[in-house]
Amino acid sequence: MGSKRDSDIQKKPKTGFSRRGFMRGVGLGGGAIGTALLEKEAVAAPPPAAAASGPGEVPISLWVNGKEHKLNVEPRVTLLDALRDHLSYTGAKRVCDRGTCGACTVILDGKAVYACSVLAIDAQGRKIQTVEGLSQGSELHPVMKAFVHHDAQQCGFCTPGFVVAAKAFLDEHPNPSDDQVRDGLGGNLCRCGTYVGIRQAVLEAAKGMRG
Amino acid sequence: MQAFEYANPSTVDEALGLLGSTWEEANILAGGTDLLSLMKEYIHTPKRVVNIKNLKDLGGISKTGSGLRIGANVTLAELAANADVRSEYPALAQAAMGVSSMQIRNMGTVGGDLCQRPRCWYFRNGFGLLAMKDGKSLVPGGQNEFHAIFPAGQAYFVSASTLGPPLIALGAKVKIASKSGPREVELEKFFVAPKDDKSREVDLKPNEIVTEILVPSGSGIRSATYEVHQKDALDWPLAAAAVALTMKGSQVGRARIVLGHVGPTPVVASRAASSLNGKSVSEAIAEQAARAAVAGAKPLSQNGYKVQLARVAVKRAILAAMA
């Protein structure tokens, strides 16, 4: 069954990695489009002025996976809800919505954070990376490949958060011990209890990323 | 979450101008890990949220003539990774790493750790800070397994601060900005047990901002933090202890012992600390100090177990500091 699964998933990126993305025709989003110029502008964008804005909708722009998105949101909208409900990046999942489960993990300026605990308006001018932006075209990220190889999920709902957290963790710990992986991913919960497979996958991905 | 207006000042003065004279008018947003949850539960419903992450003066860790200056916006991850903190103030680095989620450490700030609200489930479920009903707190006769063993008046919640105990043990001060100018408060006095539901558990007015933490030199001091968790990942400690031992040769010259998560403020264990003075630390001496640290505990109906955990935390923190 494992091999069948592998081949199924390996084929999908041709038409877009995410199931919903494929159906909507959004697919890989801007993941592969991000140019050096865009990323530079994203980081250099000035923060909004000191005058208060809201409580009604205000125009903001977010740089997600190297692509700029302009949208209107109330200041109370979290980054997670903006990504999911306004921009159709549904990889980050809304589970606890209280900074406890890790399913909404995204990478903000290179650091893993809980998107449910960041205001969208606060994420302006910062580099946002979601699970949709990890694969390069049809080539899965090494962490994704390792998750597939180790069948490191059951229901899969926590998986995007784990994959993003693992990617951010491995960027800072290229050669982690088993204990470091355990601590590093302590901020993500899997209620199916697939932690053993996840840890094996992360250790394997570390090897792959070191080359 | 109730709708609010958002302000993003770039200087401390601008930020102070945007704050109000009540907590209902404006709240400060730093890492957001606590504030957003409080707002989602309608525990906090400010009309305005003032983001202080772009205040440059609140960043950075630097050595000063008298010790270390830690900007209030420094994240727990930055604190735990800082070479000076790790070498000179191990209690502080250990406490920061005890916040066992990479994401929270990346977001949560030092100032936010000190100012976060209690995790008490009565408070978080809208019963008010002291959970008062008919002039009495609901906690002693209710679900109190995670509550204080050192209550103060009607305050039975426990301080949620992770950095409070080690920073108090190390003799830190907190610097606070206000329109009338900056003030410095010893961290031990910054934490206060509130007398009513409207009060806060820290000495901070709605129109003030914690800007930095000043820690005296850690040279010649051995320190450690030991936390007891129910599980390794993503959990609040059941009890914690931080110790700072100023050494005179192989003996303890002066000791500071502070307990966390056992009272509405970090609990300074003075008698336990002075029992170490002039002694060479052994397991028996550490055990004796640990017993003294919990001698005055007043556990509630369901949290007697925390007395033992606090005792063990003190003993292990002392031994870890000497290791």
# chains A, B, ... in the order shown; residues from 1 in each chain; ligands from 1
$ residues_around --residues "stretch 61-72 of chain B" --least-positions-apart "3" --cutoff "10 Å" --atoms "only C-alpha atoms" --output "VMD selection string"
chain B and resid 30 52 to 53 55 to 58 75 78 to 79 82 84 to 85 88 to 89 109 to 114 172 to 176 209 to 219
$ interface_residues --of "chain A" --to "chain B" --cutoff "7 Å" --atoms "only C-alpha atoms" --output "mmCIF file with all heavy atoms, in the first residue's frame"
data_model
loop_
_atom_site.group_PDB
_atom_site.id
_atom_site.type_symbol
_atom_site.label_atom_id
_atom_site.label_comp_id
_atom_site.auth_asym_id
_atom_site.auth_seq_id
_atom_site.Cartn_x
_atom_site.Cartn_y
_atom_site.Cartn_z
ATOM 1 N N PRO A 48 3.113 50.281 8.100
ATOM 2 C CA PRO A 48 2.064 51.285 7.957
ATOM 3 C C PRO A 48 2.273 52.446 8.928
ATOM 4 O O PRO A 48 2.968 52.321 9.933
ATOM 5 C CB PRO A 48 0.786 50.518 8.298
ATOM 6 C CG PRO A 48 1.146 49.082 8.271
ATOM 7 C CD PRO A 48 2.608 48.983 8.498
ATOM 8 N N ALA A 49 1.659 53.569 8.630
ATOM 9 C CA ALA A 49 1.847 54.777 9.429
ATOM 10 C C ALA A 49 1.292 54.604 10.843
ATOM 11 O O ALA A 49 0.557 53.673 11.133
ATOM 12 C CB ALA A 49 1.161 55.949 8.750
ATOM 13 N N ALA A 50 1.677 55.511 11.738
ATOM 14 C CA ALA A 50 1.327 55.389 13.149
ATOM 15 C C ALA A 50 -0.157 55.606 13.418
ATOM 16 O O ALA A 50 -0.688 55.095 14.388
ATOM 17 C CB ALA A 50 2.151 56.373 13.964
ATOM 18 N N ALA A 51 -0.833 56.377 12.579
ATOM 19 C CA ALA A 51 -2.246 56.652 12.826
ATOM 20 C C ALA A 51 -3.030 55.346 12.865
ATOM 21 O O ALA A 51 -2.718 54.405 12.149
ATOM 22 C CB ALA A 51 -2.789 57.543 11.732
ATOM 23 N N ALA A 52 -4.021 55.288 13.741
ATOM 24 C CA ALA A 52 -4.775 54.054 13.894
ATOM 25 C C ALA A 52 -5.629 53.792 12.654
ATOM 26 O O ALA A 52 -6.141 54.721 12.035
ATOM 27 C CB ALA A 52 -5.657 54.148 15.129
ATOM 28 N N SER A 53 -5.762 52.503 12.293
ATOM 29 C CA SER A 53 -6.626 52.153 11.175
ATOM 30 C C SER A 53 -7.671 51.150 11.649
ATOM 31 O O SER A 53 -7.460 50.421 12.606
ATOM 32 C CB SER A 53 -5.799 51.590 10.020
ATOM 33 O OG SER A 53 -4.863 50.660 10.496
ATOM 34 N N GLY A 54 -8.802 51.113 10.960
ATOM 35 C CA GLY A 54 -9.910 50.270 11.377
ATOM 36 C C GLY A 54 -10.839 51.036 12.296
ATOM 37 O O GLY A 54 -10.720 52.262 12.382
ATOM 38 N N PRO A 55 -11.777 50.364 12.972
ATOM 39 C CA PRO A 55 -11.979 48.910 13.084
ATOM 40 C C PRO A 55 -12.609 48.273 11.835
ATOM 41 O O PRO A 55 -12.686 47.060 11.761
ATOM 42 C CB PRO A 55 -12.923 48.798 14.284
ATOM 43 C CG PRO A 55 -13.660 50.092 14.328
ATOM 44 C CD PRO A 55 -12.733 51.118 13.791
ATOM 45 N N PRO A 75 -8.777 44.888 11.065
ATOM 46 C CA PRO A 75 -7.549 44.628 11.833
ATOM 47 C C PRO A 75 -7.632 43.371 12.685
ATOM 48 O O PRO A 75 -6.614 42.764 13.012
ATOM 49 C CB PRO A 75 -7.412 45.872 12.712
ATOM 50 C CG PRO A 75 -8.097 46.946 11.947
ATOM 51 C CD PRO A 75 -9.255 46.270 11.259
ATOM 52 N N ARG A 76 -8.851 42.966 13.052
ATOM 53 C CA ARG A 76 -8.958 41.786 13.929
ATOM 54 C C ARG A 76 -8.772 40.459 13.194
ATOM 55 O O ARG A 76 -8.742 39.404 13.820
ATOM 56 C CB ARG A 76 -10.320 41.769 14.632
ATOM 57 C CG ARG A 76 -11.497 41.608 13.697
ATOM 58 C CD ARG A 76 -12.785 41.466 14.466
ATOM 59 N NE ARG A 76 -13.941 41.776 13.633
ATOM 60 C CZ ARG A 76 -15.188 41.600 14.032
ATOM 61 N NH1 ARG A 76 -15.440 41.117 15.229
ATOM 62 N NH2 ARG A 76 -16.182 41.909 13.233
ATOM 63 N N ARG A 98 -5.806 28.900 19.096
ATOM 64 C CA ARG A 98 -5.330 29.524 20.334
ATOM 65 C C ARG A 98 -3.833 29.312 20.545
ATOM 66 O O ARG A 98 -3.356 29.301 21.678
ATOM 67 C CB ARG A 98 -6.077 28.949 21.552
ATOM 68 C CG ARG A 98 -7.561 29.182 21.589
ATOM 69 C CD ARG A 98 -7.903 30.657 21.814
ATOM 70 N NE ARG A 98 -9.326 30.842 21.945
ATOM 71 C CZ ARG A 98 -10.189 30.921 20.914
ATOM 72 N NH1 ARG A 98 -9.750 30.843 19.673
ATOM 73 N NH2 ARG A 98 -11.472 31.096 21.124
ATOM 74 N N GLY A 99 -3.082 29.113 19.468
ATOM 75 C CA GLY A 99 -1.628 28.978 19.619
ATOM 76 C C GLY A 99 -1.201 27.782 20.424
ATOM 77 O O GLY A 99 -0.270 27.853 21.221
ATOM 78 N N LYS A 111 11.102 32.320 10.412
ATOM 79 C CA LYS A 111 10.824 31.668 11.700
ATOM 80 C C LYS A 111 9.429 31.041 11.691
ATOM 81 O O LYS A 111 8.473 31.675 11.242
ATOM 82 C CB LYS A 111 10.866 32.692 12.840
ATOM 83 C CG LYS A 111 12.155 33.477 12.935
ATOM 84 C CD LYS A 111 13.197 32.688 13.676
ATOM 85 C CE LYS A 111 14.480 33.488 13.819
ATOM 86 N NZ LYS A 111 15.587 32.648 14.291
ATOM 87 N N ALA A 112 9.326 29.836 12.252
ATOM 88 C CA ALA A 112 8.016 29.178 12.358
ATOM 89 C C ALA A 112 7.178 29.911 13.393
ATOM 90 O O ALA A 112 7.642 30.197 14.496
ATOM 91 C CB ALA A 112 8.197 27.722 12.772
ATOM 92 N N VAL A 113 5.939 30.236 13.028
ATOM 93 C CA VAL A 113 5.018 30.893 13.956
ATOM 94 C C VAL A 113 3.631 30.286 13.788
ATOM 95 O O VAL A 113 3.359 29.601 12.797
ATOM 96 C CB VAL A 113 4.931 32.429 13.720
ATOM 97 C CG1 VAL A 113 6.293 33.091 13.859
ATOM 98 C CG2 VAL A 113 4.328 32.745 12.355
ATOM 99 N N TYR A 114 2.775 30.550 14.777
ATOM 100 C CA TYR A 114 1.377 30.152 14.664
ATOM 101 C C TYR A 114 0.605 31.261 13.948
ATOM 102 O O TYR A 114 0.468 32.371 14.484
ATOM 103 C CB TYR A 114 0.773 29.933 16.052
ATOM 104 C CG TYR A 114 1.368 28.804 16.853
ATOM 105 C CD1 TYR A 114 1.649 28.964 18.207
ATOM 106 C CD2 TYR A 114 1.632 27.567 16.275
ATOM 107 C CE1 TYR A 114 2.179 27.930 18.976
ATOM 108 C CE2 TYR A 114 2.169 26.534 17.027
ATOM 109 C CZ TYR A 114 2.443 26.715 18.369
ATOM 110 O OH TYR A 114 2.973 25.689 19.112
ATOM 111 N N SER A 117 -2.083 33.281 15.685
ATOM 112 C CA SER A 117 -1.721 34.218 16.751
ATOM 113 C C SER A 117 -1.003 35.450 16.209
ATOM 114 O O SER A 117 -0.323 36.153 16.957
ATOM 115 C CB SER A 117 -0.849 33.514 17.793
ATOM 116 O OG SER A 117 -1.569 32.437 18.356
ATOM 117 N N VAL A 118 -1.126 35.670 14.898
ATOM 118 C CA VAL A 118 -0.564 36.861 14.259
ATOM 119 C C VAL A 118 -1.724 37.575 13.575
ATOM 120 O O VAL A 118 -2.548 36.923 12.921
ATOM 121 C CB VAL A 118 0.481 36.468 13.178
ATOM 122 C CG1 VAL A 118 1.038 37.704 12.492
ATOM 123 C CG2 VAL A 118 1.591 35.631 13.776
ATOM 124 N N ASP A 183 11.951 17.901 20.745
ATOM 125 C CA ASP A 183 11.747 19.234 21.334
ATOM 126 C C ASP A 183 11.315 20.246 20.275
ATOM 127 O O ASP A 183 10.419 21.048 20.488
ATOM 128 C CB ASP A 183 13.040 19.737 21.989
ATOM 129 C CG ASP A 183 13.358 18.994 23.266
ATOM 130 O OD1 ASP A 183 12.467 18.283 23.772
ATOM 131 O OD2 ASP A 183 14.498 19.106 23.750
ATOM 132 N N GLY A 184 11.993 20.194 19.135
ATOM 133 C CA GLY A 184 11.749 21.190 18.097
ATOM 134 C C GLY A 184 10.326 21.160 17.580
ATOM 135 O O GLY A 184 9.763 22.193 17.236
ATOM 136 N N GLY A 186 7.802 20.066 19.355
ATOM 137 C CA GLY A 186 6.910 19.985 20.512
ATOM 138 C C GLY A 186 5.715 20.918 20.414
ATOM 139 O O GLY A 186 4.756 20.774 21.157
ATOM 140 N N GLY A 187 5.784 21.873 19.502
ATOM 141 C CA GLY A 187 4.683 22.824 19.356
ATOM 142 C C GLY A 187 3.636 22.382 18.354
ATOM 143 O O GLY A 187 2.772 23.178 17.980
#
$ select_by_dssp --residues "stretch 41-148 of chain A" --states "helix (DSSP H, G or I)" --output "list in words"
Glu41, Ala42, Val43, Ala44, Leu79, Leu80, Asp81, Ala82, Leu83, Arg84, Asp85, His86, Ala115, Cys116, Ser117, Ala120, Ile121, Asp122, Ala123, Val131, Glu132, Gly133, Pro142, Val143, Met144, Lys145, Ala146, Phe147 and Val148 of chain A
$ residues_around --residues "A:Ala206" --least-positions-apart "2" --cutoff "8 Å" --atoms "only C-alpha atoms" --output "list in words"
Val143, Leu170, Pro174, Asn175, Pro176, Val202, Leu203, Glu204, Gly208, Met209 and Arg210 of chain A
$ select_by_dssp --residues "stretch 99-198 of chain A" --states "strand (DSSP E or B)" --output "PyMOL selection string"
chain A and resi 105-108+111-114+119+127-129+136+139
$ residues_around --residues "A:Gln154" --least-positions-apart "5" --cutoff "9 Å" --atoms "only C-alpha atoms" --output "JSON, numbers by chain"
{"A": [159, 190, 192, 193, 194]}
$ closest_residue --among "A:Leu83, A:Ala103, A:Val58, A:Ala165" --to "A:Ile128" --atoms "only C-alpha atoms"
A:Leu83
$ atom_distance --atom1 "atom CA of B:Ile28" --atom2 "atom CA of B:Arg117"
12.7 Å
